[in-house]
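Notes for the one structure printed next.
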Amino acid sequence: MVITQTPFRMSFFGGGTDYPDFFDKYGGSVISTTFDKYCYTTVRHLPRFFNYTNQITYNVIERTNNVDEIKHPAVREIMKYLDMHEMRIVYEADLPARSGLGTSSSFAVGLLNACYALKGKYVDKRRLANDAIYVERVLCGENGGIQDQIAASFGGFNRIDFDASGYHVDPIIINQDRKRSLNDNLMLFFTGFSRFSSDIAKKQEEKIEEKEQLLLEMKKLVDEAEKILTSKTDLNEFGRLLDYTWRLKRMITTDISTEPIDIFYRRALRAGAAGGKLLGAGGGGFLLFYVERDKQINVRKALEDLLYVPFEFESGGTRIMYYKSESFDLKGIKTGT
């Protein structure tokens, strides 16, 4: 049996420039961090006492006699990709799926990590990120960028740069007190709205050529944000820059925001937030705001209809919490598993 813990991520700047159609031509950059909300993936071989050969538990329970019958695309494709058979897989998480925190990619990374371990193989973080990108974008055919898989695998507060040759992950060099202040001034709220990010990502991909100048401007903000973080500049400028990148992002497609989300956003600014953004591809999920400590009570009152979620930055990335090797007789595999 193997249990993995994989963090969720929040992306501050550069989202959209991590799409291959953009960064192959112009290069791309994002600043993101993982934080202390996780998904937990448990894998083991299913004992051969049942009239089914695979059991997959997430928000539903799937029991199948054939891998191809599995409805969850990432589970199905990872089992085929790694030649896994007769599996019991359980997914649990601290936060809901389809909420703009890269949850599906965290699950893919965590499941890959667990399956490799169950097979007795060690793989490094880059291999896990690359495999997760391949599974989601190629095998599952889902639209989107590639920052989520990298963030979930590596963990930490990073700048990730993309180009046609690949990607580079570099930690943001920021002293501990300043990083603590940034964490203390960020507030996360759940809107209650969820969406399937691949659908919105597809529309964004269709707009890449048309919106190149917007994306180039968003890419420039990564450099500005890094300068703010690594210098003695007032951290409130980070919040104001969040507001600017959010206004740019809203111009890519009309599906990125909604009227209720816009109302909540305006309430937060009136209550004292310096800026913020909707996390992820858009359409729903979590709103993130930069708010000075003395104004946070007012912002919480203004957004009392939303669930406030405190959090701490984390730096570990995906990890194995529990490992116990299993023997598995390949010759005894039931037909069709």
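Each chain of the structure tokens is named A, B, ... in the order shown, its residues numbered from 1; ligands are numbered from 1 in display order.
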
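Counting only C-alpha atoms, Asp234 (chain A) has the following residues at most 12 Å away, ignoring those fewer than 2 positions along the same chain: Arg178, Ser181, Leu182, Ala225, Lys227, Ile228, Leu229, Thr230, Ser231, Lys232, Asn236, Glu237, Phe238, Gly239, Arg240, Leu241, Ala274 and Glu292 of chain A.
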
Those same residues - C-alpha atoms - I'd like them written as an mmCIF file, in the first residue's frame.
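So out-v4.cif came out as:
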```cif
data_model
loop_
_atom_site.group_PDB
_atom_site.id
_atom_site.type_symbol
_atom_site.label_atom_id
_atom_site.label_comp_id
_atom_site.auth_asym_id
_atom_site.auth_seq_id
_atom_site.Cartn_x
_atom_site.Cartn_y
_atom_site.Cartn_z
ATOM 1 C CA ARG A 178 8.916 39.220 3.983
ATOM 2 C CA SER A 181 4.175 39.137 5.622
ATOM 3 C CA LEU A 182 3.027 38.209 2.130
ATOM 4 C CA ALA A 225 6.205 40.874 -9.489
ATOM 5 C CA LYS A 227 11.230 42.551 -8.466
ATOM 6 C CA ILE A 228 8.632 43.522 -5.881
ATOM 7 C CA LEU A 229 9.081 40.279 -3.964
ATOM 8 C CA THR A 230 12.882 40.278 -3.992
ATOM 9 C CA SER A 231 13.440 43.969 -3.230
ATOM 10 C CA LYS A 232 12.400 46.369 -0.461
ATOM 11 C CA ASN A 236 1.158 46.477 -1.307
ATOM 12 C CA GLU A 237 2.441 46.857 -4.853
ATOM 13 C CA PHE A 238 2.121 43.077 -5.172
ATOM 14 C CA GLY A 239 -1.588 43.439 -4.438
ATOM 15 C CA ARG A 240 -2.038 46.242 -6.934
ATOM 16 C CA LEU A 241 -0.264 44.181 -9.564
ATOM 17 C CA ALA A 274 -5.418 46.248 -2.698
ATOM 18 C CA GLU A 292 -3.360 44.569 4.751
#
```

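Within the 8 Å cut-off around region 59-70 of chain A, using only C-alpha atoms and omitting residues fewer than 5 positions from it on the same chain, the listed residues are Asn51, Tyr52, Thr53, Asn54, Val75, Arg76, Met79, Lys80, His85, Gly336 and Thr337 of chain A.
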
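If you look at CA of Pro310 (chain A) and CA of Tyr38 (chain A), they are 13.6 Å away from each other.
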
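For the choices A:Thr42, A:Lys277, A:Gly120, A:Ala108, the atom-to-atom distance to Ala132 (chain A) is smallest for A:Ala108 when using only C-alpha atoms.
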
Item to complete: Please return as an MDAnalysis selection string: the residues of region 302-331 of chain A that backbone DSSP assigns to strand (DSSP E).
Response: chainID A and resid 307:308 313:314 319:323

Got time to write the residues from that selection, N, CA and C atoms, as a CSV table (one decimal), in the first residue's frame?
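Listed below is the output, again.csv:
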```csv
chain,number,residue,atom,x,y,z
A,307,LEU,N,-17.0,31.4,1.9
A,307,LEU,CA,-16.2,30.7,2.9
A,307,LEU,C,-14.8,31.2,2.8
A,308,TYR,N,-14.3,31.6,4.0
A,308,TYR,CA,-12.9,32.1,4.1
A,308,TYR,C,-12.0,30.9,4.5
A,313,PHE,N,1.9,28.9,3.1
A,313,PHE,CA,2.7,28.4,2.0
A,313,PHE,C,3.4,27.1,2.4
A,314,GLU,N,3.6,26.2,1.4
A,314,GLU,CA,4.4,25.0,1.7
A,314,GLU,C,5.4,24.8,0.6
A,319,ARG,N,4.7,14.0,-2.0
A,319,ARG,CA,5.6,13.1,-1.2
A,319,ARG,C,4.8,11.9,-0.8
A,320,ILE,N,5.6,10.8,-0.5
A,320,ILE,CA,5.0,9.6,0.0
A,320,ILE,C,4.9,9.6,1.5
A,321,MET,N,3.6,9.5,2.0
A,321,MET,CA,3.4,9.5,3.4
A,321,MET,C,3.5,8.1,4.0
A,322,TYR,N,3.2,7.1,3.3
A,322,TYR,CA,3.2,5.7,3.8
A,322,TYR,C,3.6,4.8,2.6
A,323,TYR,N,4.4,3.8,2.9
A,323,TYR,CA,4.8,2.9,1.9
A,323,TYR,C,5.0,1.5,2.6
```

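Counting from CA of Gly275 (chain A), the distance to CA of Thr245 (chain A) is 9.5 Å.
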
Please report as CSV every residue of region 14-114 of chain A lying within 12 Å of region 184-192 of chain A, along with the nearest atom pair and their distance in Å (one decimal), using only C-alpha atoms.
```
residue,atom,partner,partner_atom,distance
A:Phe35,CA,A:Leu188,CA,11.4
A:Lys37,CA,A:Leu188,CA,11.9
A:Leu95,CA,A:Phe190,CA,9.5
A:Pro96,CA,A:Phe190,CA,9.6
A:Ala97,CA,A:Gly192,CA,11.3
A:Arg98,CA,A:Gly192,CA,10.6
A:Ser99,CA,A:Phe190,CA,8.2
A:Gly100,CA,A:Phe190,CA,10.0
A:Leu101,CA,A:Phe190,CA,11.0
```

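The interatomic distance for the pair CA of Gly317 (chain A) and CA of Thr6 (chain A) works out to 6.1 Å.
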
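Considering only C-alpha atoms, the residue among A:Arg159, A:Arg44, A:Arg250, A:Arg300 positioned nearest to Ala273 (chain A) is A:Arg300.
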
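Closest approach to Arg126 (chain A) among A:Pro47, A:Trp246, A:Thr318, A:Arg180 is made by A:Thr318 (distances from only C-alpha atoms).
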
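Considering only C-alpha atoms, the residue among A:Leu46, A:Met87, A:Ala164, A:Ile133 positioned nearest to Gln149 (chain A) is A:Ile133.
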
Practice prompt. From the DSSP assignment of the backbone, select every residue of region 133-319 of chain A that is alpha helix (DSSP H), and format the answer as an NGL selection string.
Written response: :A and (133 or 147-154 or 176-184 or 197-206 or 212-230 or 236-249 or 259-271 or 296-302)

Selected residues written out with C-alpha atoms, as an mmCIF file, in the first residue's frame:
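Full text of again_19.cif as output:
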```
data_model
loop_
_atom_site.group_PDB
_atom_site.id
_atom_site.type_symbol
_atom_site.label_atom_id
_atom_site.label_comp_id
_atom_site.auth_asym_id
_atom_site.auth_seq_id
_atom_site.Cartn_x
_atom_site.Cartn_y
_atom_site.Cartn_z
ATOM 1 C CA ILE A 133 1.596 16.666 -18.362
ATOM 2 C CA GLN A 147 2.197 24.941 -14.823
ATOM 3 C CA ASP A 148 -0.109 22.977 -12.497
ATOM 4 C CA GLN A 149 1.636 19.632 -12.884
ATOM 5 C CA ILE A 150 5.037 21.247 -12.337
ATOM 6 C CA ALA A 151 3.928 23.163 -9.245
ATOM 7 C CA ALA A 152 2.290 20.122 -7.648
ATOM 8 C CA SER A 153 5.341 17.975 -8.240
ATOM 9 C CA PHE A 154 8.122 20.389 -7.233
ATOM 10 C CA GLN A 176 11.487 34.630 5.631
ATOM 11 C CA ASP A 177 9.983 37.724 7.298
ATOM 12 C CA ARG A 178 8.916 39.220 3.983
ATOM 13 C CA LYS A 179 7.471 35.884 2.849
ATOM 14 C CA ARG A 180 5.589 35.644 6.151
ATOM 15 C CA SER A 181 4.175 39.137 5.622
ATOM 16 C CA LEU A 182 3.027 38.209 2.130
ATOM 17 C CA ASN A 183 1.321 35.061 3.407
ATOM 18 C CA ASP A 184 -0.362 37.032 6.201
ATOM 19 C CA SER A 197 -11.203 24.032 -16.383
ATOM 20 C CA SER A 198 -10.542 22.171 -19.642
ATOM 21 C CA ASP A 199 -13.662 23.727 -21.198
ATOM 22 C CA ILE A 200 -12.551 27.263 -20.339
ATOM 23 C CA ALA A 201 -8.940 26.484 -21.259
ATOM 24 C CA LYS A 202 -10.064 25.387 -24.712
ATOM 25 C CA LYS A 203 -11.688 28.775 -25.301
ATOM 26 C CA GLN A 204 -8.553 30.518 -24.058
ATOM 27 C CA GLU A 205 -6.391 28.470 -26.409
ATOM 28 C CA GLU A 206 -8.624 29.479 -29.290
ATOM 29 C CA GLU A 212 -1.149 37.742 -27.979
ATOM 30 C CA GLN A 213 -0.514 41.315 -26.862
ATOM 31 C CA LEU A 214 -2.524 40.780 -23.686
ATOM 32 C CA LEU A 215 -0.592 37.630 -22.883
ATOM 33 C CA LEU A 216 2.725 39.346 -23.592
ATOM 34 C CA GLU A 217 1.735 42.085 -21.151
ATOM 35 C CA MET A 218 0.791 39.450 -18.558
ATOM 36 C CA LYS A 219 4.170 37.798 -19.094
ATOM 37 C CA LYS A 220 5.952 41.097 -18.374
ATOM 38 C CA LEU A 221 4.161 41.330 -15.049
ATOM 39 C CA VAL A 222 6.048 38.227 -13.874
ATOM 40 C CA ASP A 223 9.287 40.227 -13.975
ATOM 41 C CA GLU A 224 7.662 43.140 -12.158
ATOM 42 C CA ALA A 225 6.205 40.874 -9.489
ATOM 43 C CA GLU A 226 9.545 39.155 -8.920
ATOM 44 C CA LYS A 227 11.230 42.551 -8.466
ATOM 45 C CA ILE A 228 8.632 43.522 -5.881
ATOM 46 C CA LEU A 229 9.081 40.279 -3.964
ATOM 47 C CA THR A 230 12.882 40.278 -3.992
ATOM 48 C CA ASN A 236 1.158 46.477 -1.307
ATOM 49 C CA GLU A 237 2.441 46.857 -4.853
ATOM 50 C CA PHE A 238 2.121 43.077 -5.172
ATOM 51 C CA GLY A 239 -1.588 43.439 -4.438
ATOM 52 C CA ARG A 240 -2.038 46.242 -6.934
ATOM 53 C CA LEU A 241 -0.264 44.181 -9.564
ATOM 54 C CA LEU A 242 -2.656 41.281 -8.854
ATOM 55 C CA ASP A 243 -5.532 43.617 -9.634
ATOM 56 C CA TYR A 244 -3.897 44.649 -12.905
ATOM 57 C CA THR A 245 -3.211 41.082 -14.067
ATOM 58 C CA TRP A 246 -6.792 40.108 -13.188
ATOM 59 C CA ARG A 247 -8.173 42.959 -15.307
ATOM 60 C CA LEU A 248 -5.980 41.839 -18.198
ATOM 61 C CA LYS A 249 -7.018 38.212 -17.829
ATOM 62 C CA GLU A 259 -21.385 38.739 -12.745
ATOM 63 C CA PRO A 260 -21.554 37.276 -9.194
ATOM 64 C CA ILE A 261 -17.765 36.960 -9.088
ATOM 65 C CA ASP A 262 -17.370 40.541 -10.318
ATOM 66 C CA ILE A 263 -19.736 41.700 -7.547
ATOM 67 C CA PHE A 264 -17.704 39.897 -4.869
ATOM 68 C CA TYR A 265 -14.499 41.319 -6.304
ATOM 69 C CA ARG A 266 -15.798 44.896 -6.195
ATOM 70 C CA ARG A 267 -17.014 44.413 -2.614
ATOM 71 C CA ALA A 268 -13.545 43.300 -1.531
ATOM 72 C CA LEU A 269 -11.857 46.307 -3.139
ATOM 73 C CA ARG A 270 -14.318 48.709 -1.532
ATOM 74 C CA ALA A 271 -13.621 47.058 1.821
ATOM 75 C CA GLN A 296 -8.987 42.096 6.788
ATOM 76 C CA ILE A 297 -11.945 42.221 9.180
ATOM 77 C CA ASN A 298 -13.723 44.615 6.812
ATOM 78 C CA VAL A 299 -13.023 42.357 3.817
ATOM 79 C CA ARG A 300 -14.319 39.300 5.672
ATOM 80 C CA LYS A 301 -17.510 41.184 6.507
ATOM 81 C CA ALA A 302 -17.901 42.318 2.902
#
```

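Closest approach to Tyr91 (chain A) from the set A:Ser29, A:Tyr134, A:Tyr167, A:Ile3 is made by A:Ile3, with distances taken over only C-alpha atoms.
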
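All residues of protein, DNA or RNA that reach within 9 Å of Leu139 (chain A), judged by only C-alpha atoms and not counting those fewer than 4 positions away in the chain, are Pro73, Ala74, Glu77, Ile78, Tyr81, Tyr134 and Val135 of chain A.
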